[in-house]
>>> print(open('target.cif').read())   # mmCIF, N, CA and C atoms and all ligand atoms
data_final
#
loop_
_atom_site.label_atom_id
_atom_site.label_comp_id
_atom_site.auth_asym_id
_atom_site.auth_seq_id
_atom_site.Cartn_x
_atom_site.Cartn_y
_atom_site.Cartn_z
N MET T 12 -35.62 -5.73 -17.83
CA MET T 12 -34.38 -6.14 -17.14
C MET T 12 -33.72 -4.92 -16.50
N ASN T 13 -33.36 -5.05 -15.28
CA ASN T 13 -32.69 -3.94 -14.61
C ASN T 13 -31.22 -3.87 -15.02
N LYS T 14 -30.84 -2.69 -15.36
CA LYS T 14 -29.43 -2.51 -15.67
C LYS T 14 -28.80 -1.71 -14.54
N VAL T 15 -27.73 -2.22 -14.00
CA VAL T 15 -27.06 -1.49 -12.93
C VAL T 15 -26.36 -0.28 -13.52
N SER T 16 -26.67 0.87 -12.98
CA SER T 16 -26.05 2.07 -13.53
C SER T 16 -24.56 2.09 -13.22
N ASP T 17 -23.82 2.55 -14.19
CA ASP T 17 -22.38 2.60 -14.01
C ASP T 17 -21.90 4.01 -14.32
N ASP T 18 -21.70 4.79 -13.28
CA ASP T 18 -21.27 6.17 -13.49
C ASP T 18 -19.77 6.31 -13.30
N GLY T 19 -19.07 5.22 -13.30
CA GLY T 19 -17.62 5.28 -13.21
C GLY T 19 -17.10 5.26 -11.79
N GLU T 20 -18.00 5.39 -10.83
CA GLU T 20 -17.54 5.33 -9.46
C GLU T 20 -17.55 3.89 -8.98
N SER T 21 -16.47 3.48 -8.40
CA SER T 21 -16.45 2.13 -7.89
C SER T 21 -16.75 2.17 -6.40
N ASP T 22 -17.59 1.26 -5.97
CA ASP T 22 -17.90 1.21 -4.55
C ASP T 22 -17.22 0.00 -3.91
N ASP T 23 -16.24 -0.54 -4.62
CA ASP T 23 -15.52 -1.66 -4.02
C ASP T 23 -14.16 -1.22 -3.48
N GLY T 24 -14.04 0.09 -3.25
CA GLY T 24 -12.87 0.58 -2.55
C GLY T 24 -11.61 0.73 -3.38
N LEU T 25 -11.76 0.77 -4.70
CA LEU T 25 -10.57 0.93 -5.53
C LEU T 25 -10.13 2.38 -5.56
N VAL T 26 -8.86 2.58 -5.78
CA VAL T 26 -8.36 3.93 -6.00
C VAL T 26 -7.97 4.06 -7.47
N THR T 27 -8.07 5.27 -7.98
CA THR T 27 -7.66 5.48 -9.36
C THR T 27 -6.31 6.16 -9.38
N CYS T 28 -5.36 5.48 -9.99
CA CYS T 28 -3.99 5.97 -10.03
C CYS T 28 -3.71 6.52 -11.43
N GLU T 29 -3.00 7.63 -11.50
CA GLU T 29 -2.66 8.21 -12.79
C GLU T 29 -1.89 7.23 -13.66
N GLY T 30 -1.02 6.50 -13.03
CA GLY T 30 -0.15 5.61 -13.79
C GLY T 30 -0.71 4.22 -14.01
N HIS T 31 -1.57 3.78 -13.12
CA HIS T 31 -1.97 2.37 -13.15
C HIS T 31 -3.46 2.14 -13.28
N GLY T 32 -4.26 3.19 -13.30
CA GLY T 32 -5.70 3.00 -13.39
C GLY T 32 -6.30 2.57 -12.07
N GLU T 33 -7.41 1.86 -12.15
CA GLU T 33 -8.09 1.44 -10.93
C GLU T 33 -7.34 0.30 -10.27
N GLN T 34 -7.05 0.46 -9.00
CA GLN T 34 -6.25 -0.50 -8.26
C GLN T 34 -6.79 -0.60 -6.84
N PRO T 35 -6.55 -1.74 -6.19
CA PRO T 35 -6.83 -1.78 -4.76
C PRO T 35 -5.91 -0.79 -4.05
N PRO T 36 -6.37 -0.18 -2.99
CA PRO T 36 -5.53 0.78 -2.26
C PRO T 36 -4.50 0.07 -1.39
N SER T 37 -3.40 0.74 -1.18
CA SER T 37 -2.45 0.29 -0.17
C SER T 37 -1.96 1.54 0.55
N PHE T 38 -1.24 1.34 1.62
CA PHE T 38 -0.92 2.46 2.49
C PHE T 38 0.58 2.52 2.75
N VAL T 39 1.14 3.72 2.59
CA VAL T 39 2.55 3.91 2.92
C VAL T 39 2.68 5.20 3.72
N CYS T 40 3.72 5.28 4.53
CA CYS T 40 3.93 6.53 5.26
C CYS T 40 4.31 7.61 4.25
N VAL T 41 4.06 8.85 4.63
CA VAL T 41 4.28 9.96 3.70
C VAL T 41 5.75 10.07 3.30
N HIS T 42 6.64 9.60 4.17
CA HIS T 42 8.07 9.68 3.85
C HIS T 42 8.40 8.76 2.68
N LEU T 43 7.80 7.57 2.69
CA LEU T 43 7.98 6.67 1.56
C LEU T 43 7.26 7.23 0.33
N ALA T 44 6.07 7.77 0.55
CA ALA T 44 5.29 8.28 -0.58
C ALA T 44 6.05 9.39 -1.29
N GLU T 45 6.83 10.18 -0.52
CA GLU T 45 7.52 11.31 -1.11
C GLU T 45 8.95 10.98 -1.52
N SER T 46 9.39 9.77 -1.18
CA SER T 46 10.77 9.42 -1.50
C SER T 46 10.92 9.15 -2.99
N GLN T 47 12.10 9.37 -3.50
CA GLN T 47 12.37 9.11 -4.90
C GLN T 47 12.86 7.67 -5.04
N PRO T 48 12.42 7.00 -6.11
CA PRO T 48 12.79 5.59 -6.27
C PRO T 48 14.29 5.36 -6.31
N ASP T 49 15.03 6.34 -6.82
CA ASP T 49 16.47 6.12 -6.97
C ASP T 49 17.26 6.73 -5.82
N ALA T 50 16.54 7.25 -4.82
CA ALA T 50 17.23 7.81 -3.66
C ALA T 50 17.64 6.69 -2.71
N GLN T 51 18.47 7.03 -1.77
CA GLN T 51 18.89 6.04 -0.79
C GLN T 51 17.69 5.57 0.01
N SER T 52 17.65 4.29 0.29
CA SER T 52 16.50 3.73 1.00
C SER T 52 16.36 4.31 2.39
N ILE T 53 15.12 4.61 2.76
CA ILE T 53 14.83 5.08 4.12
C ILE T 53 14.18 3.95 4.92
N GLY T 54 14.25 2.75 4.36
CA GLY T 54 13.65 1.59 5.02
C GLY T 54 12.29 1.31 4.41
N PHE T 55 11.94 0.05 4.38
CA PHE T 55 10.64 -0.34 3.82
C PHE T 55 10.12 -1.49 4.66
N ASN T 56 9.42 -1.14 5.71
CA ASN T 56 8.88 -2.14 6.63
C ASN T 56 7.42 -2.36 6.26
N TRP T 57 7.14 -3.54 5.72
CA TRP T 57 5.80 -3.73 5.17
C TRP T 57 5.13 -4.95 5.78
N ASN T 58 3.81 -4.96 5.67
CA ASN T 58 3.04 -6.13 6.06
C ASN T 58 1.71 -6.08 5.35
N CYS T 59 0.93 -7.10 5.56
CA CYS T 59 -0.38 -7.16 4.93
C CYS T 59 -1.43 -7.50 5.98
N GLU T 60 -1.29 -6.86 7.14
CA GLU T 60 -2.24 -7.09 8.22
C GLU T 60 -3.64 -6.70 7.77
N GLY T 61 -4.60 -7.56 8.01
CA GLY T 61 -5.98 -7.21 7.69
C GLY T 61 -6.27 -7.16 6.20
N GLY T 62 -5.33 -7.63 5.38
CA GLY T 62 -5.59 -7.69 3.94
C GLY T 62 -5.15 -6.45 3.18
N ASP T 63 -4.74 -5.40 3.89
CA ASP T 63 -4.26 -4.21 3.21
C ASP T 63 -2.75 -4.15 3.24
N LEU T 64 -2.17 -3.88 2.10
CA LEU T 64 -0.72 -3.70 2.06
C LEU T 64 -0.37 -2.38 2.73
N LEU T 65 0.65 -2.42 3.55
CA LEU T 65 1.03 -1.24 4.32
C LEU T 65 2.54 -1.25 4.48
N ALA T 66 3.15 -0.09 4.35
CA ALA T 66 4.60 -0.01 4.55
C ALA T 66 4.96 1.31 5.19
N ASN T 67 6.00 1.28 5.99
CA ASN T 67 6.50 2.53 6.55
C ASN T 67 8.02 2.51 6.61
N CYS T 68 8.60 3.70 6.72
CA CYS T 68 10.05 3.83 6.74
C CYS T 68 10.59 3.47 8.12
N ASP T 69 11.91 3.42 8.22
CA ASP T 69 12.53 3.05 9.49
C ASP T 69 12.19 4.04 10.61
N ALA T 70 12.10 5.33 10.28
CA ALA T 70 11.79 6.33 11.30
C ALA T 70 10.41 6.08 11.88
N CYS T 71 9.44 5.77 11.01
CA CYS T 71 8.08 5.50 11.49
C CYS T 71 8.05 4.20 12.28
N GLU T 72 8.88 3.25 11.89
CA GLU T 72 8.89 1.96 12.58
C GLU T 72 9.22 2.14 14.06
N LYS T 73 9.98 3.16 14.36
CA LYS T 73 10.35 3.41 15.76
C LYS T 73 9.14 3.83 16.60
N HIS T 74 8.06 4.25 15.94
CA HIS T 74 6.86 4.65 16.67
C HIS T 74 5.93 3.48 16.95
N ALA T 75 6.28 2.31 16.43
CA ALA T 75 5.42 1.15 16.65
C ALA T 75 5.49 0.70 18.10
N ASP T 76 4.40 0.13 18.57
CA ASP T 76 4.40 -0.36 19.95
C ASP T 76 5.10 -1.72 20.02
N ALA T 77 5.08 -2.31 21.20
CA ALA T 77 5.83 -3.54 21.42
C ALA T 77 5.41 -4.66 20.46
N GLU T 78 4.18 -4.62 20.02
CA GLU T 78 3.71 -5.65 19.10
C GLU T 78 3.90 -5.26 17.64
N GLY T 79 4.54 -4.11 17.42
CA GLY T 79 4.83 -3.72 16.05
C GLY T 79 3.72 -2.94 15.39
N PHE T 80 2.75 -2.48 16.17
CA PHE T 80 1.64 -1.74 15.59
C PHE T 80 1.78 -0.25 15.83
N LEU T 81 1.36 0.50 14.81
CA LEU T 81 1.33 1.95 14.94
C LEU T 81 -0.06 2.36 15.40
N SER T 82 -0.14 3.43 16.18
CA SER T 82 -1.44 3.87 16.69
C SER T 82 -2.27 4.44 15.54
N ASP T 83 -3.58 4.42 15.72
CA ASP T 83 -4.47 4.98 14.70
C ASP T 83 -4.17 6.45 14.44
N ALA T 84 -3.89 7.19 15.51
CA ALA T 84 -3.61 8.62 15.37
C ALA T 84 -2.35 8.82 14.54
N PHE T 85 -1.34 8.02 14.82
CA PHE T 85 -0.09 8.13 14.06
C PHE T 85 -0.35 7.79 12.60
N PHE T 86 -1.12 6.73 12.41
CA PHE T 86 -1.44 6.28 11.06
C PHE T 86 -2.13 7.39 10.27
N GLU T 87 -3.13 8.00 10.90
CA GLU T 87 -3.90 9.03 10.20
C GLU T 87 -3.05 10.23 9.84
N GLU T 88 -2.08 10.55 10.69
CA GLU T 88 -1.26 11.72 10.44
C GLU T 88 -0.16 11.48 9.42
N ASN T 89 0.29 10.24 9.35
CA ASN T 89 1.54 9.99 8.62
C ASN T 89 1.44 9.07 7.42
N PHE T 90 0.22 8.61 7.12
CA PHE T 90 0.12 7.66 6.02
C PHE T 90 -0.69 8.20 4.86
N ALA T 91 -0.33 7.76 3.68
CA ALA T 91 -1.02 8.16 2.47
C ALA T 91 -1.47 6.90 1.73
N VAL T 92 -2.50 7.06 0.92
CA VAL T 92 -2.99 5.95 0.11
C VAL T 92 -2.30 6.00 -1.24
N ILE T 93 -1.76 4.89 -1.65
CA ILE T 93 -1.25 4.79 -3.01
C ILE T 93 -1.85 3.52 -3.62
N CYS T 94 -1.76 3.38 -4.92
CA CYS T 94 -2.34 2.19 -5.53
C CYS T 94 -1.42 0.99 -5.31
N ARG T 95 -2.02 -0.19 -5.44
CA ARG T 95 -1.27 -1.41 -5.18
C ARG T 95 -0.06 -1.54 -6.11
N SER T 96 -0.23 -1.18 -7.37
CA SER T 96 0.89 -1.29 -8.30
C SER T 96 2.02 -0.35 -7.92
N SER T 97 1.65 0.84 -7.46
CA SER T 97 2.67 1.78 -7.01
C SER T 97 3.40 1.21 -5.80
N PHE T 98 2.65 0.57 -4.93
CA PHE T 98 3.24 -0.06 -3.75
C PHE T 98 4.24 -1.12 -4.16
N ILE T 99 3.85 -1.92 -5.14
CA ILE T 99 4.72 -3.01 -5.59
C ILE T 99 5.99 -2.47 -6.23
N GLU T 100 5.84 -1.36 -6.97
CA GLU T 100 7.04 -0.76 -7.58
C GLU T 100 7.97 -0.23 -6.50
N MET T 101 7.36 0.38 -5.47
CA MET T 101 8.15 0.89 -4.37
C MET T 101 8.83 -0.26 -3.62
N ALA T 102 8.08 -1.33 -3.45
CA ALA T 102 8.64 -2.50 -2.77
C ALA T 102 9.82 -3.06 -3.56
N ALA T 103 9.65 -3.15 -4.87
CA ALA T 103 10.71 -3.70 -5.72
C ALA T 103 11.98 -2.87 -5.61
N ALA T 104 11.81 -1.55 -5.49
CA ALA T 104 12.96 -0.67 -5.34
C ALA T 104 13.67 -0.92 -4.01
N ASN T 105 12.95 -1.56 -3.10
CA ASN T 105 13.52 -1.88 -1.78
C ASN T 105 13.78 -3.38 -1.63
N ASP T 106 13.93 -4.04 -2.77
CA ASP T 106 14.28 -5.46 -2.80
C ASP T 106 13.23 -6.37 -2.20
N VAL T 107 11.97 -5.95 -2.23
CA VAL T 107 10.88 -6.83 -1.83
C VAL T 107 10.24 -7.35 -3.12
N THR T 108 10.18 -8.66 -3.25
CA THR T 108 9.68 -9.22 -4.50
C THR T 108 8.16 -9.21 -4.56
N LEU T 109 7.66 -9.19 -5.78
CA LEU T 109 6.22 -9.29 -5.99
C LEU T 109 5.69 -10.58 -5.39
N GLU T 110 6.50 -11.63 -5.50
CA GLU T 110 6.09 -12.92 -4.98
C GLU T 110 5.86 -12.85 -3.46
N ALA T 111 6.75 -12.17 -2.77
CA ALA T 111 6.61 -12.05 -1.32
C ALA T 111 5.31 -11.32 -0.98
N ILE T 112 4.99 -10.32 -1.79
CA ILE T 112 3.77 -9.54 -1.52
C ILE T 112 2.52 -10.36 -1.82
N THR T 113 2.49 -11.00 -2.97
CA THR T 113 1.28 -11.76 -3.30
C THR T 113 1.10 -12.93 -2.33
N ASN T 114 2.20 -13.48 -1.84
CA ASN T 114 2.09 -14.55 -0.86
C ASN T 114 1.47 -14.06 0.44
N ALA T 115 1.69 -12.79 0.77
CA ALA T 115 1.18 -12.23 2.02
C ALA T 115 -0.27 -11.78 1.89
N GLU T 116 -0.68 -11.52 0.66
CA GLU T 116 -2.03 -11.01 0.44
C GLU T 116 -3.07 -12.12 0.46
N PRO T 117 -4.28 -11.77 0.90
CA PRO T 117 -5.38 -12.72 0.70
C PRO T 117 -5.63 -12.88 -0.80
N THR T 118 -5.98 -14.06 -1.23
CA THR T 118 -6.06 -14.33 -2.67
C THR T 118 -7.05 -13.43 -3.38
N ALA T 119 -8.06 -12.94 -2.68
CA ALA T 119 -9.10 -12.13 -3.32
C ALA T 119 -8.54 -10.87 -3.96
N THR T 120 -7.40 -10.39 -3.47
CA THR T 120 -6.88 -9.13 -4.02
C THR T 120 -5.85 -9.36 -5.12
N HIS T 121 -5.63 -10.60 -5.48
CA HIS T 121 -4.68 -10.85 -6.56
C HIS T 121 -5.21 -10.24 -7.86
N ASP T 122 -4.32 -9.61 -8.55
CA ASP T 122 -4.70 -8.94 -9.80
C ASP T 122 -4.04 -9.67 -10.95
N PRO T 123 -4.81 -10.44 -11.70
CA PRO T 123 -4.23 -11.24 -12.77
C PRO T 123 -3.67 -10.39 -13.91
N SER T 124 -4.08 -9.12 -13.98
CA SER T 124 -3.61 -8.28 -15.08
C SER T 124 -2.24 -7.71 -14.81
N LEU T 125 -1.73 -7.92 -13.62
CA LEU T 125 -0.46 -7.29 -13.28
C LEU T 125 0.69 -7.94 -14.03
ZN ZN T 201 7.89 7.23 7.52
ZN ZN T 202 -0.11 3.53 -9.21
#
>>> encode(input="target.cif", output="structure tokens")
Amino acid sequence: MNKVSDDGESDDGLVTCEGHGEQPPSFVCVHLAESQPDAQSIGFNWNCEGGDLLANCDACEKHADAEGFLSDAFFEENFAVICRSSFIEMAAANDVTLEAITNAEPTATHDPSL
């Protein structure tokens, strides 16, 4: 019987978070990533386009085009990967409910352990 080797690396695109373990990745602008949870809000503009959770601050939102999209170049320069649980905690600090997020996500990324 073939046993699939498991060297701890996941090839399903999960990120490993210090606080939350293996999680689906989500994306936030570096300003949000570096903001403190108890600091004054810098805006939390989020969506789940393409199945990935993504959020940016109000300043970054001004760089969006008429359809609300940020350019790839802007994205690459200004966004960081954080784990989904970290995203949800950040969202909660900005009055975005977990329910709103899970409703926006494709069901495949729902994490029953959350
Ligand atoms: Zn920003
Ligand atoms: Zn995390």
>>> residues_near_ligand(input="target.cif", ligand="ligand ZN 202 (chain T)", cutoff="6.5 Å", atoms="all atoms listed in the file", output="PyMOL selection string")
chain T and resi 28-32+93-98
>>> closest_atom_pairs(input="target.cif", of="chain T", to="ligand ZN 201 (chain T)", cutoff="6.5 Å", atoms="all atoms listed in the file", output="JSON lines")
{"residue": "T:Cys40", "atom": "CA", "partner": "T:ZN201", "partner_atom": "ZN", "distance": 4.6}
{"residue": "T:Val41", "atom": "N", "partner": "T:ZN201", "partner_atom": "ZN", "distance": 5.1}
{"residue": "T:His42", "atom": "N", "partner": "T:ZN201", "partner_atom": "ZN", "distance": 4.3}
{"residue": "T:Leu43", "atom": "N", "partner": "T:ZN201", "partner_atom": "ZN", "distance": 4.8}
{"residue": "T:Asn67", "atom": "C", "partner": "T:ZN201", "partner_atom": "ZN", "distance": 4.8}
{"residue": "T:Cys68", "atom": "N", "partner": "T:ZN201", "partner_atom": "ZN", "distance": 3.7}
{"residue": "T:Asp69", "atom": "N", "partner": "T:ZN201", "partner_atom": "ZN", "distance": 5.6}
{"residue": "T:Ala70", "atom": "C", "partner": "T:ZN201", "partner_atom": "ZN", "distance": 5.2}
{"residue": "T:Cys71", "atom": "N", "partner": "T:ZN201", "partner_atom": "ZN", "distance": 4.1}
{"residue": "T:Glu72", "atom": "N", "partner": "T:ZN201", "partner_atom": "ZN", "distance": 6.0}
>>> atom_distance(input="target.cif", atom1="atom C of T:Glu88", atom2="atom C of T:Phe38")
11.2 Å
>>> atom_distance(input="target.cif", atom1="atom CA of T:Val107", atom2="atom CA of T:Asp83")
25.5 Å
>>> closest_residue(input="target.cif", among="T:Gly24, T:Ala115, T:Phe86, T:Glu45", to="T:Glu60", atoms="only N, CA and C atoms")
T:Ala115
>>> closest_residue(input="target.cif", among="T:Asp49, T:Asp23, T:Asp63, T:Glu33", to="T:Glu116", atoms="all atoms listed in the file")
T:Asp63
>>> residues_around(input="target.cif", residues="T:Val26", least_positions_apart="5", cutoff="5 Å", atoms="only N, CA and C atoms", output="PyMOL selection string")
chain T and resi 33-36
>>> residues_around(input="target.cif", residues="T:Ala111", least_positions_apart="6", cutoff="12 Å", atoms="only C-alpha atoms", output="compact mmCIF listing (two decimals) with N, CA and C atoms, in the coordinates of the input")
# COMPACT_ATOMS: atom_id res chain seq x y z
N TRP T 57 7.14 -3.54 5.72
CA TRP T 57 5.80 -3.73 5.17
C TRP T 57 5.13 -4.95 5.78
N ASN T 58 3.81 -4.96 5.67
CA ASN T 58 3.04 -6.13 6.06
C ASN T 58 1.71 -6.08 5.35
N CYS T 59 0.93 -7.10 5.56
CA CYS T 59 -0.38 -7.16 4.93
C CYS T 59 -1.43 -7.50 5.98
N LEU T 64 -2.17 -3.88 2.10
CA LEU T 64 -0.72 -3.70 2.06
C LEU T 64 -0.37 -2.38 2.73
N ILE T 99 3.85 -1.92 -5.14
CA ILE T 99 4.72 -3.01 -5.59
C ILE T 99 5.99 -2.47 -6.23
N ALA T 102 8.08 -1.33 -3.45
CA ALA T 102 8.64 -2.50 -2.77
C ALA T 102 9.82 -3.06 -3.56
N ALA T 103 9.65 -3.15 -4.87
CA ALA T 103 10.71 -3.70 -5.72
C ALA T 103 11.98 -2.87 -5.61
>>> build_atoms(input="target.cif", residues="stretch 49-72 of chain T", atoms="N, CA, C and O atoms", output="short mmCIF file (atom, residue, chain, number, x, y, z; two decimals), keeping the file's coordinate frame")
data_model
loop_
_atom_site.label_atom_id
_atom_site.label_comp_id
_atom_site.auth_asym_id
_atom_site.auth_seq_id
_atom_site.Cartn_x
_atom_site.Cartn_y
_atom_site.Cartn_z
N ASP T 49 15.03 6.34 -6.82
CA ASP T 49 16.47 6.12 -6.97
C ASP T 49 17.26 6.73 -5.82
O ASP T 49 18.48 6.74 -5.81
N ALA T 50 16.54 7.25 -4.82
CA ALA T 50 17.23 7.81 -3.66
C ALA T 50 17.64 6.69 -2.71
O ALA T 50 17.17 5.56 -2.83
N GLN T 51 18.47 7.03 -1.77
CA GLN T 51 18.89 6.04 -0.79
C GLN T 51 17.69 5.57 0.01
O GLN T 51 16.82 6.36 0.37
N SER T 52 17.65 4.29 0.29
CA SER T 52 16.50 3.73 1.00
C SER T 52 16.36 4.31 2.39
O SER T 52 17.33 4.50 3.11
N ILE T 53 15.12 4.61 2.76
CA ILE T 53 14.83 5.08 4.12
C ILE T 53 14.18 3.95 4.92
O ILE T 53 13.63 4.16 5.99
N GLY T 54 14.25 2.75 4.36
CA GLY T 54 13.65 1.59 5.02
C GLY T 54 12.29 1.31 4.41
O GLY T 54 11.59 2.21 3.96
N PHE T 55 11.94 0.05 4.38
CA PHE T 55 10.64 -0.34 3.82
C PHE T 55 10.12 -1.49 4.66
O PHE T 55 10.44 -2.65 4.42
N ASN T 56 9.42 -1.14 5.71
CA ASN T 56 8.88 -2.14 6.63
C ASN T 56 7.42 -2.36 6.26
O ASN T 56 6.59 -1.49 6.44
N TRP T 57 7.14 -3.54 5.72
CA TRP T 57 5.80 -3.73 5.17
C TRP T 57 5.13 -4.95 5.78
O TRP T 57 5.77 -5.85 6.34
N ASN T 58 3.81 -4.96 5.67
CA ASN T 58 3.04 -6.13 6.06
C ASN T 58 1.71 -6.08 5.35
O ASN T 58 1.41 -5.13 4.62
N CYS T 59 0.93 -7.10 5.56
CA CYS T 59 -0.38 -7.16 4.93
C CYS T 59 -1.43 -7.50 5.98
O CYS T 59 -2.32 -8.30 5.75
N GLU T 60 -1.29 -6.86 7.14
CA GLU T 60 -2.24 -7.09 8.22
C GLU T 60 -3.64 -6.70 7.77
O GLU T 60 -3.84 -5.64 7.22
N GLY T 61 -4.60 -7.56 8.01
CA GLY T 61 -5.98 -7.21 7.69
C GLY T 61 -6.27 -7.16 6.20
O GLY T 61 -7.30 -6.67 5.79
N GLY T 62 -5.33 -7.63 5.38
CA GLY T 62 -5.59 -7.69 3.94
C GLY T 62 -5.15 -6.45 3.18
O GLY T 62 -5.19 -6.43 1.97
N ASP T 63 -4.74 -5.40 3.89
CA ASP T 63 -4.26 -4.21 3.21
C ASP T 63 -2.75 -4.15 3.24
O ASP T 63 -2.14 -4.34 4.29
N LEU T 64 -2.17 -3.88 2.10
CA LEU T 64 -0.72 -3.70 2.06
C LEU T 64 -0.37 -2.38 2.73
O LEU T 64 -1.03 -1.36 2.51
N LEU T 65 0.65 -2.42 3.55
CA LEU T 65 1.03 -1.24 4.32
C LEU T 65 2.54 -1.25 4.48
O LEU T 65 3.13 -2.31 4.69
N ALA T 66 3.15 -0.09 4.35
CA ALA T 66 4.60 -0.01 4.55
C ALA T 66 4.96 1.31 5.19
O ALA T 66 4.30 2.33 4.96
N ASN T 67 6.00 1.28 5.99
CA ASN T 67 6.50 2.53 6.55
C ASN T 67 8.02 2.51 6.61
O ASN T 67 8.65 1.45 6.56
N CYS T 68 8.60 3.70 6.72
CA CYS T 68 10.05 3.83 6.74
C CYS T 68 10.59 3.47 8.12
O CYS T 68 9.83 3.26 9.07
N ASP T 69 11.91 3.42 8.22
CA ASP T 69 12.53 3.05 9.49
C ASP T 69 12.19 4.04 10.61
O ASP T 69 12.02 3.65 11.77
N ALA T 70 12.10 5.33 10.28
CA ALA T 70 11.79 6.33 11.30
C ALA T 70 10.41 6.08 11.88
O ALA T 70 10.20 6.16 13.09
N CYS T 71 9.44 5.77 11.01
CA CYS T 71 8.08 5.50 11.49
C CYS T 71 8.05 4.20 12.28
O CYS T 71 7.29 4.08 13.25
N GLU T 72 8.88 3.25 11.89
CA GLU T 72 8.89 1.96 12.58
C GLU T 72 9.22 2.14 14.06
O GLU T 72 8.74 1.38 14.90
#
